[in-house]
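Content type compact mmCIF, C-alpha atoms, from the file query-v1.txt:
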```txt
# COMPACT_ATOMS: atom_id res chain seq x y z
CA MET A 27 18.28 22.42 15.40
CA SER A 28 16.26 19.27 14.72
CA GLU A 29 14.35 18.82 11.50
CA ARG A 30 10.57 18.83 11.40
CA ILE A 31 8.66 16.01 9.69
CA VAL A 32 4.93 16.42 9.08
CA ILE A 33 3.00 13.14 8.90
CA ALA A 34 -0.63 13.34 7.89
CA GLY A 35 -2.89 10.35 8.41
CA ALA A 36 -0.52 8.70 10.88
CA SER A 37 -3.10 6.56 12.68
CA GLY A 38 -2.38 3.43 10.61
CA PHE A 39 0.44 0.96 11.23
CA LEU A 40 2.69 2.57 8.59
CA GLY A 41 2.18 6.06 9.98
CA ARG A 42 2.94 4.89 13.52
CA TYR A 43 6.09 3.17 12.28
CA LEU A 44 7.33 6.33 10.56
CA GLU A 45 6.43 8.47 13.56
CA ARG A 46 8.45 6.24 15.91
CA HIS A 47 11.44 6.26 13.59
CA TYR A 48 11.60 10.02 13.18
CA ARG A 49 11.01 10.72 16.88
CA ASP A 50 13.74 8.23 17.80
CA ALA A 51 16.04 9.99 15.32
CA GLY A 52 15.48 13.26 17.17
CA ALA A 53 13.15 14.94 14.70
CA GLU A 54 10.18 17.09 15.63
CA VAL A 55 7.16 15.20 14.32
CA VAL A 56 3.89 17.03 13.65
CA LEU A 57 0.84 14.81 13.20
CA VAL A 58 -2.18 15.86 11.14
CA GLY A 59 -5.53 14.11 11.47
CA ARG A 60 -9.25 14.55 11.88
CA SER A 61 -8.77 15.33 15.55
CA GLY A 62 -5.08 16.19 15.52
CA PRO A 63 -3.33 15.45 17.76
CA ASP A 64 -1.23 18.39 16.58
CA VAL A 65 -3.17 19.82 13.64
CA ARG A 66 -6.71 19.09 12.43
CA TRP A 67 -7.64 18.89 8.77
CA ASP A 68 -10.14 21.73 9.18
CA ASP A 69 -7.43 24.06 10.53
CA ALA A 70 -5.99 25.58 7.34
CA ALA A 71 -3.83 28.09 9.23
CA GLY A 72 -2.43 25.38 11.48
CA LEU A 73 -1.65 23.13 8.52
CA ARG A 74 0.11 25.98 6.72
CA ALA A 75 2.20 26.69 9.82
CA ALA A 76 3.08 23.00 10.14
CA VAL A 77 4.40 22.63 6.59
CA THR A 78 6.22 25.96 6.64
CA GLY A 79 9.90 25.23 7.21
CA ALA A 80 9.31 21.47 7.41
CA SER A 81 12.01 19.17 6.06
CA ALA A 82 9.47 16.79 4.56
CA VAL A 83 5.73 16.20 4.44
CA ILE A 84 4.36 12.64 4.29
CA ASN A 85 0.63 12.30 3.63
CA LEU A 86 -0.85 8.85 4.21
CA ALA A 87 -4.45 9.92 4.82
CA GLY A 88 -7.36 8.01 3.33
CA LYS A 89 -10.10 5.60 4.34
CA SER A 90 -8.97 1.98 4.20
CA VAL A 91 -10.04 0.07 1.08
CA ASP A 92 -10.49 -3.02 3.27
CA CYS A 93 -14.26 -2.62 3.30
CA ARG A 94 -17.32 -3.43 1.19
CA TYR A 95 -17.55 -1.07 -1.77
CA SER A 96 -20.98 0.32 -0.99
CA ASP A 97 -22.02 3.70 -2.40
CA ALA A 98 -21.20 5.39 0.90
CA ASN A 99 -17.84 3.68 1.31
CA ARG A 100 -16.79 4.40 -2.29
CA ALA A 101 -17.64 8.06 -1.83
CA GLU A 102 -15.67 8.25 1.41
CA ILE A 103 -12.66 6.45 -0.11
CA PHE A 104 -12.53 9.15 -2.79
CA ARG A 105 -13.32 12.08 -0.50
CA SER A 106 -10.84 11.13 2.22
CA ARG A 107 -7.97 10.98 -0.27
CA LEU A 108 -8.78 13.92 -2.49
CA ALA A 109 -9.78 16.39 0.24
CA THR A 110 -6.72 15.73 2.39
CA THR A 111 -4.32 15.83 -0.55
CA ALA A 112 -5.84 19.11 -1.71
CA ALA A 113 -5.52 20.52 1.81
CA VAL A 114 -1.81 19.67 1.93
CA ARG A 115 -1.23 21.14 -1.52
CA GLU A 116 -3.03 24.37 -0.63
CA ALA A 117 -1.07 24.67 2.62
CA ILE A 118 2.24 24.25 0.79
CA ALA A 119 1.20 26.71 -1.93
CA ALA A 120 0.38 29.31 0.73
CA SER A 121 3.64 28.80 2.64
CA ASP A 122 6.47 31.33 2.42
CA SER A 123 8.96 28.57 3.26
CA PRO A 124 7.60 25.40 1.65
CA PRO A 125 9.02 21.94 2.36
CA PRO A 126 11.57 20.68 -0.19
CA VAL A 127 9.72 17.39 -0.66
CA TRP A 128 6.17 16.11 -0.26
CA PHE A 129 5.48 12.38 -0.26
CA ASN A 130 1.89 11.38 -0.89
CA ALA A 131 0.58 7.85 -0.57
CA SER A 132 -0.60 6.16 -3.74
CA THR A 133 -0.96 2.50 -4.62
CA ALA A 134 0.51 -0.10 -6.94
CA THR A 135 -3.10 -1.11 -7.62
CA ILE A 136 -3.09 1.73 -10.18
CA TYR A 137 -1.64 -0.76 -12.67
CA ARG A 138 -3.74 -3.30 -14.57
CA HIS A 139 -4.20 -6.94 -13.61
CA ALA A 140 -0.86 -8.34 -14.84
CA GLU A 141 0.06 -11.97 -15.43
CA ASP A 142 2.17 -11.44 -18.56
CA ARG A 143 4.87 -9.00 -17.46
CA PRO A 144 5.87 -6.67 -14.61
CA MET A 145 4.58 -3.11 -14.39
CA THR A 146 7.22 -0.38 -14.02
CA GLU A 147 6.89 3.39 -13.90
CA SER A 148 8.07 3.67 -17.53
CA THR A 149 6.30 0.71 -19.15
CA GLY A 150 3.42 -0.09 -16.80
CA GLU A 151 -0.15 0.14 -18.06
CA LEU A 152 -2.80 1.71 -15.86
CA GLY A 153 -5.86 -0.42 -15.26
CA THR A 154 -9.59 0.17 -15.04
CA GLY A 155 -12.22 -0.17 -12.34
CA PHE A 156 -13.03 1.54 -9.07
CA SER A 157 -9.70 1.02 -7.27
CA VAL A 158 -7.71 2.22 -10.27
CA GLU A 159 -9.89 5.30 -10.70
CA VAL A 160 -9.32 6.16 -7.04
CA ALA A 161 -5.56 5.93 -7.54
CA LYS A 162 -5.64 8.02 -10.71
CA ALA A 163 -7.71 10.75 -9.06
CA TRP A 164 -5.44 10.69 -5.99
CA GLU A 165 -2.34 11.30 -8.11
CA ARG A 166 -4.05 13.98 -10.20
CA GLU A 167 -4.84 15.86 -7.00
CA LEU A 168 -1.22 15.51 -5.85
CA PHE A 169 0.29 16.89 -9.04
CA ALA A 170 -2.30 19.61 -9.72
CA GLY A 171 -1.11 23.22 -9.84
CA ALA A 172 2.37 24.66 -9.45
CA LEU A 173 4.55 24.17 -6.37
CA PRO A 174 7.93 25.39 -7.61
CA GLY A 175 9.67 25.01 -4.25
CA THR A 176 8.47 21.49 -3.46
CA ARG A 177 9.27 18.16 -5.10
CA ARG A 178 6.21 15.89 -5.21
CA VAL A 179 6.47 12.10 -5.02
CA ALA A 180 3.60 9.61 -5.37
CA LEU A 181 4.47 6.48 -3.40
CA ARG A 182 2.93 3.67 -5.45
CA MET A 183 3.14 1.18 -2.62
CA ALA A 184 2.62 -2.54 -2.98
CA ILE A 185 1.12 -4.47 -0.06
CA VAL A 186 3.16 -3.38 2.95
CA LEU A 187 4.24 -6.21 5.23
CA GLY A 188 4.70 -5.38 8.91
CA ASP A 189 3.11 -5.69 12.32
CA GLY A 190 -0.54 -4.82 11.86
CA SER A 191 -0.62 -4.98 8.09
CA ALA A 192 -2.53 -7.07 5.56
CA LEU A 193 -0.31 -9.89 6.80
CA THR A 194 -2.43 -10.30 9.95
CA PRO A 195 -5.51 -11.92 8.33
CA LEU A 196 -3.26 -14.19 6.26
CA VAL A 197 -1.47 -15.36 9.41
CA ASN A 198 -4.83 -16.05 11.04
CA LEU A 199 -5.93 -18.14 8.06
CA VAL A 200 -2.76 -20.24 8.29
CA ARG A 201 -3.17 -20.78 12.03
CA PHE A 202 -6.73 -22.05 11.49
CA GLY A 203 -5.67 -24.48 8.76
CA LEU A 204 -7.00 -22.33 5.92
CA GLY A 205 -3.64 -21.11 4.67
CA GLY A 206 -3.80 -22.53 1.16
CA PRO A 207 -3.93 -20.34 -1.95
CA GLN A 208 -6.85 -18.06 -2.70
CA VAL A 209 -8.08 -19.50 -5.99
CA ASP A 210 -9.99 -17.42 -8.52
CA GLY A 211 -12.91 -18.72 -10.53
CA PRO A 212 -16.08 -17.64 -12.33
CA TRP A 213 -18.67 -15.62 -10.42
CA LEU A 214 -21.89 -13.88 -11.32
CA ALA A 215 -21.73 -10.11 -11.63
CA THR A 216 -24.59 -7.72 -11.03
CA ALA A 217 -25.09 -4.76 -13.34
CA ALA A 218 -24.58 -2.44 -10.37
CA ARG A 219 -21.15 -3.88 -9.56
CA ARG A 220 -20.04 -3.76 -13.17
CA ASN A 221 -21.20 -0.15 -13.50
CA ALA A 222 -19.38 0.78 -10.28
CA GLY A 223 -16.20 -0.96 -11.45
CA THR A 224 -16.08 -3.13 -8.33
CA PHE A 225 -16.52 -6.58 -9.88
CA HIS A 226 -13.38 -8.69 -10.19
CA GLU A 227 -13.16 -10.54 -13.51
CA PHE A 228 -11.89 -14.14 -13.39
CA ARG A 229 -8.43 -14.40 -14.98
CA ALA A 230 -5.58 -15.89 -12.94
CA ARG A 231 -5.87 -19.64 -12.36
CA GLY A 232 -4.71 -21.90 -9.55
CA GLY A 233 -3.70 -19.17 -7.09
CA ARG A 234 -1.04 -17.85 -9.46
CA GLN A 235 -2.12 -14.21 -9.29
CA ARG A 236 1.03 -12.18 -8.71
CA PHE A 237 1.62 -10.79 -5.24
CA SER A 238 3.72 -7.63 -5.02
CA TRP A 239 4.83 -6.70 -1.53
CA VAL A 240 7.30 -4.55 0.39
CA HIS A 241 8.70 -4.80 3.93
CA ILE A 242 7.76 -1.80 6.04
CA ALA A 243 11.45 -1.05 6.65
CA ASP A 244 11.90 -0.56 2.91
CA VAL A 245 9.03 1.93 2.77
CA LEU A 246 11.00 4.05 5.23
CA GLY A 247 14.22 3.25 3.37
CA ALA A 248 12.71 4.35 0.06
CA ILE A 249 11.42 7.60 1.56
CA GLU A 250 14.84 8.44 3.00
CA PHE A 251 16.57 7.46 -0.26
CA VAL A 252 14.28 9.67 -2.34
CA ARG A 253 14.81 12.55 0.08
CA ASP A 254 18.52 12.33 -0.73
CA HIS A 255 18.01 12.03 -4.49
CA ALA A 256 16.59 15.27 -5.81
CA GLU A 257 16.28 13.84 -9.32
CA LEU A 258 13.48 11.55 -8.18
CA ASP A 259 9.98 12.98 -8.32
CA GLY A 260 6.62 11.93 -9.69
CA PRO A 261 5.41 8.32 -9.35
CA VAL A 262 7.79 5.89 -7.61
CA ASN A 263 6.99 2.18 -7.25
CA VAL A 264 7.67 1.10 -3.67
CA SER A 265 7.72 -2.67 -4.00
CA SER A 266 10.20 -5.49 -3.54
CA PRO A 267 12.19 -6.22 -6.72
CA ASN A 268 11.18 -9.87 -6.28
CA PRO A 269 7.38 -10.17 -6.30
CA THR A 270 5.90 -13.62 -5.84
CA ASP A 271 2.47 -15.15 -6.37
CA ASN A 272 -0.38 -15.97 -4.01
CA ARG A 273 0.32 -19.71 -3.92
CA THR A 274 3.99 -19.19 -3.05
CA MET A 275 3.17 -16.48 -0.50
CA MET A 276 0.81 -18.77 1.38
CA ALA A 277 3.19 -21.75 1.21
CA THR A 278 6.00 -19.61 2.64
CA LEU A 279 3.77 -18.43 5.48
CA ARG A 280 2.76 -22.01 6.29
CA ARG A 281 6.38 -23.11 6.43
CA LEU A 282 7.44 -20.24 8.68
CA LEU A 283 4.48 -20.74 11.01
CA GLY A 284 4.95 -24.52 11.13
CA ALA A 285 1.52 -25.29 9.67
CA ARG A 286 1.30 -28.67 7.95
CA ILE A 287 -2.17 -28.18 6.50
CA GLY A 288 -3.40 -25.27 4.41
CA LEU A 289 -6.76 -25.71 2.74
CA PRO A 290 -7.28 -23.60 -0.39
CA ALA A 291 -10.10 -21.07 -0.65
CA SER A 292 -12.13 -21.14 -3.87
CA ARG A 293 -13.81 -18.07 -5.37
CA TRP A 294 -17.24 -18.96 -3.99
CA MET A 295 -15.78 -19.29 -0.50
CA LEU A 296 -13.98 -15.96 -0.85
CA GLU A 297 -17.11 -14.19 -2.09
CA LEU A 298 -19.23 -15.44 0.79
CA GLY A 299 -16.44 -14.81 3.31
CA SER A 300 -15.82 -11.29 2.05
CA VAL A 301 -19.45 -10.39 2.68
CA ALA A 302 -19.20 -11.79 6.20
CA ILE A 303 -16.02 -9.86 7.11
CA ARG A 304 -16.97 -6.73 5.11
CA THR A 305 -14.22 -6.68 2.51
CA GLU A 306 -13.75 -7.32 -1.24
CA THR A 307 -12.27 -10.29 -3.12
CA GLU A 308 -10.30 -8.00 -5.43
CA LEU A 309 -7.82 -7.44 -2.61
CA VAL A 310 -6.57 -11.05 -2.90
CA LEU A 311 -7.51 -12.00 -6.46
CA LYS A 312 -6.12 -9.14 -8.56
CA SER A 313 -2.73 -9.99 -10.04
CA ARG A 314 -0.35 -7.22 -8.98
CA TRP A 315 3.05 -7.58 -10.68
CA VAL A 316 5.01 -4.43 -9.87
CA VAL A 317 8.76 -3.77 -10.02
CA PRO A 318 10.54 -0.68 -8.55
CA GLU A 319 12.43 0.35 -11.67
CA ARG A 320 13.18 3.93 -10.63
CA LEU A 321 14.48 3.03 -7.17
CA LEU A 322 16.70 0.29 -8.57
CA ASP A 323 18.04 2.47 -11.38
CA ALA A 324 18.89 5.19 -8.85
CA GLY A 325 20.82 2.70 -6.72
CA TYR A 326 18.49 1.89 -3.83
CA GLU A 327 19.42 -1.37 -2.08
CA PHE A 328 16.48 -3.10 -0.46
CA ALA A 329 16.94 -4.30 3.11
CA TYR A 330 14.46 -7.10 2.38
CA PRO A 331 14.43 -7.93 -1.33
CA ASP A 332 13.27 -11.54 -0.80
CA LEU A 333 10.02 -12.77 0.69
CA GLU A 334 11.11 -15.42 3.19
CA PRO A 335 13.62 -13.25 5.11
CA ALA A 336 11.08 -10.42 5.14
CA LEU A 337 8.36 -12.61 6.59
CA SER A 338 10.79 -14.25 9.03
CA ASP A 339 11.79 -10.84 10.41
CA ILE A 340 8.18 -9.76 10.96
CA LEU A 341 7.00 -13.06 12.42
CA ALA A 342 10.02 -13.29 14.74
CA ASP A 343 9.27 -9.81 16.10
CA ARG A 344 5.73 -10.97 16.86
CA GLY A 345 6.89 -14.21 18.46
CA LEU A 346 5.18 -16.27 15.77
CA LEU A 347 8.13 -17.77 13.91
CA HIS A 348 8.12 -21.56 14.27
CA ALA A 349 11.21 -23.11 15.90
CA SER A 350 12.00 -25.12 12.77
CA ALA A 351 12.14 -21.92 10.71
CA ALA A 352 14.18 -19.99 13.26
CA ARG A 353 17.21 -22.24 12.94
```
Any chance you could give the structure as structure tokens?
Amino acid sequence: MSERIVIAGASGFLGRYLERHYRDAGAEVVLVGRSGPDVRWDDAAGLRAAVTGASAVINLAGKSVDCRYSDANRAEIFRSRLATTAAVREAIAASDSPPPVWFNASTATIYRHAEDRPMTESTGELGTGFSVEVAKAWERELFAGALPGTRRVALRMAIVLGDGSALTPLVNLVRFGLGGPQVDGPWLATAARRNAGTFHEFRARGGRQRFSWVHIADVLGAIEFVRDHAELDGPVNVSSPNPTDNRTMMATLRRLLGARIGLPASRWMLELGSVAIRTETELVLKSRWVVPERLLDAGYEFAYPDLEPALSDILADRGLLHASAAR
């Protein structure tokens, strides 16, 4: 009898990747979303039936943070994470045969801007601001109440690299000659943005903000590893053991794409550009220095621990790897 995997919020590139893997492995995959296709979020009975007897539940639901942090968008970012996480928890609590493990998406952005040392699960310091408060609330909702039959794991994921990820706009920048570092600098803050916690303070210089990342194959690998290691629960950093910085990331991309020129982007350019494309500068200027202490201590071996092979694999699959880099 095949196992059943419930994936909630599977419309993104990570959810589709996991769905394909588990279907190819012969599992029954049940997808939960606003309109299904198998179970809708407003169908409490259907959600309870889906998780009952499931081998694992993976909840990735939540509005993308790649948007302008308007009042409406901030509210929906919170609501979409908290309501769906609560719905999964209530379904599991009501089940007479709950799943042994529930993975819920979280984010490595929960840690503070770090240029001095890496953030681990045991020694990392949580940050402040809108994005951090979202992550804190998300995890509180995950771990609320008692679920004695189900192990709960918060996947504190770094930036996931794969086909359709945050890598896509960076590749486009390189191909248009704008693939230099994203360089922070001073910028005027409004009282509204400070009060909302959405203003990015100038700290890292010269494009040296740390860039923590993980290959999409290692997200799946970490999930499968944690499934097999019952001692692992709570927050788990899902990030390469070898984070880099923005300047090195962009230089590596240029080399692999065969781009000779990569103009840097200063803070003022990023601020104006972010308004035009409806996003926020924090996504590229915050220094995220995250190390997967718990996975490493438990013995997980990353398929892609280093940046260049990880990027080469993804770019080659998309037919973008330059001939000079393919040799």
Distance query segment 335-347 of chain A at most 12 Å, only C-alpha atoms, self and fewer than 3 positions along chain excluded, as number ranges by chain: A: 186-191, 193-194, 196-198, 200-201, 239-244, 266, 268, 275-285, 328-332, 350-353
Length of the atom CA of Trp213 of chain A to atom CA of Tyr137 of chain A vector [Å]: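 Separating atom CA of Trp213 of chain A from atom CA of Tyr137 of chain A is a distance of 22.7 Å.
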Interatomic distance (Å, one decimal) between atom CA of Pro261 of chain A and atom CA of Glu308 of chain A: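 Distance reported for this atom pair: 23.0 Å.
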Between atom CA of Arg138 of chain A and atom CA of Val310 of chain A, distance in Å (one decimal):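 Here the two named atoms are 14.3 Å from each other.
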Selection: 12 Å around Ala256 of chain A, all atoms listed in the file, excl. self and same-chain fewer than 2 positions, as a VMD selection string: chain A and resid 126 to 128 176 to 179 249 to 254 258 to 260 324
Given only C-alpha atoms as the counted atoms, nearest of A:Ile287, A:Glu147, A:Gly206, A:Thr307 to Asp323 of chain A: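 Between A:Ile287, A:Glu147, A:Gly206, A:Thr307, the residue approaching Asp323 of chain A most closely is A:Glu147.
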Residue contacts of Trp294 of chain A (10 Å, all atoms listed in the file) excluding same-chain residues fewer than 2 positions away, as a PyMOL selection string: chain A and resi 209-213+291-292+296-300
Within 8 Å of (-6.6, -19.3, -9.8), only C-alpha atoms: residues as a compact mmCIF listing (two decimals) with C-alpha atoms, in the coordinates of the input?
```
# COMPACT_ATOMS: atom_id res chain seq x y z
CA GLN A 208 -6.85 -18.06 -2.70
CA VAL A 209 -8.08 -19.50 -5.99
CA ASP A 210 -9.99 -17.42 -8.52
CA GLY A 211 -12.91 -18.72 -10.53
CA ARG A 229 -8.43 -14.40 -14.98
CA ALA A 230 -5.58 -15.89 -12.94
CA ARG A 231 -5.87 -19.64 -12.36
CA GLY A 232 -4.71 -21.90 -9.55
CA GLY A 233 -3.70 -19.17 -7.09
CA ARG A 234 -1.04 -17.85 -9.46
CA GLN A 235 -2.12 -14.21 -9.29
```
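Residue nearest Val83 of chain A, chosen from A:Leu40, A:Ala134, A:Ile31, A:Ala349 and counting all atoms listed in the file: A:Ile31.
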Among listed residues A:Leu86, A:Val158, A:Ala217, A:Arg286, nearest Gly38 of chain A (using all atoms listed in the file):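 Closest to Gly38 of chain A, using all atoms listed in the file: A:Leu86.
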A:Leu321, A:Ile303, A:Leu289, A:Met183 ranked by distance to Glu257 of chain A, top pick (using only C-alpha atoms): A:Leu321
Who sits within 12 Å of Lys162 of chain A, only C-alpha atoms, same chain under 3 positions skipped, as a ChimeraX atom specification: /A:104,107-108,131-137,152-159,165-169,180,182,261
Those residues with C-alpha atoms, as a compact mmCIF listing (two decimals), keeping the file's coordinate frame please?
```txt
# COMPACT_ATOMS: atom_id res chain seq x y z
CA PHE A 104 -12.53 9.15 -2.79
CA ARG A 107 -7.97 10.98 -0.27
CA LEU A 108 -8.78 13.92 -2.49
CA ALA A 131 0.58 7.85 -0.57
CA SER A 132 -0.60 6.16 -3.74
CA THR A 133 -0.96 2.50 -4.62
CA ALA A 134 0.51 -0.10 -6.94
CA THR A 135 -3.10 -1.11 -7.62
CA ILE A 136 -3.09 1.73 -10.18
CA TYR A 137 -1.64 -0.76 -12.67
CA LEU A 152 -2.80 1.71 -15.86
CA GLY A 153 -5.86 -0.42 -15.26
CA THR A 154 -9.59 0.17 -15.04
CA GLY A 155 -12.22 -0.17 -12.34
CA PHE A 156 -13.03 1.54 -9.07
CA SER A 157 -9.70 1.02 -7.27
CA VAL A 158 -7.71 2.22 -10.27
CA GLU A 159 -9.89 5.30 -10.70
CA GLU A 165 -2.34 11.30 -8.11
CA ARG A 166 -4.05 13.98 -10.20
CA GLU A 167 -4.84 15.86 -7.00
CA LEU A 168 -1.22 15.51 -5.85
CA PHE A 169 0.29 16.89 -9.04
CA ALA A 180 3.60 9.61 -5.37
CA ARG A 182 2.93 3.67 -5.45
CA PRO A 261 5.41 8.32 -9.35
```
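For the residues A:Gly35, A:Ala140, A:Leu44, A:Val77, ranking by smallest atom-to-atom distance to Leu57 of chain A using only C-alpha atoms places A:Gly35 first.
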Which residues are near segment 98-102 of chain A? Cut-off 9 Å, all atoms listed in the file, ignore same chain within fewer than 6 positions. Put them as a PDB file with C-alpha atoms, in the frame of the given file.
```
ATOM      1  CA  GLY A  88      -7.360   8.010   3.330  1.00  0.00           C
ATOM      2  CA  LYS A  89     -10.100   5.600   4.340  1.00  0.00           C
ATOM      3  CA  VAL A  91     -10.040   0.070   1.080  1.00  0.00           C
ATOM      4  CA  PHE A 156     -13.030   1.540  -9.070  1.00  0.00           C
TER       5      PHE A 156
END
```
A:Gly223, A:Glu327, A:Ile33, A:Gly205 ranked by distance to Arg273 of chain A, top pick (using all atoms listed in the file):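 Looking only at the distances to Arg273 of chain A, the closest residue turns out to be A:Gly205.
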Please write out, as AutoDock Vina command-line options, where the centre of an axis-aligned box around all listed atoms of segment 268-285 of chain A lies and how long its edges are, in Å to one decimal, after adding 8 Å on each side.
```
--center_x 5.4 --center_y -17.6 --center_z 2.4 --size_x 27.6 --size_y 31.4 --size_z 33.5
```
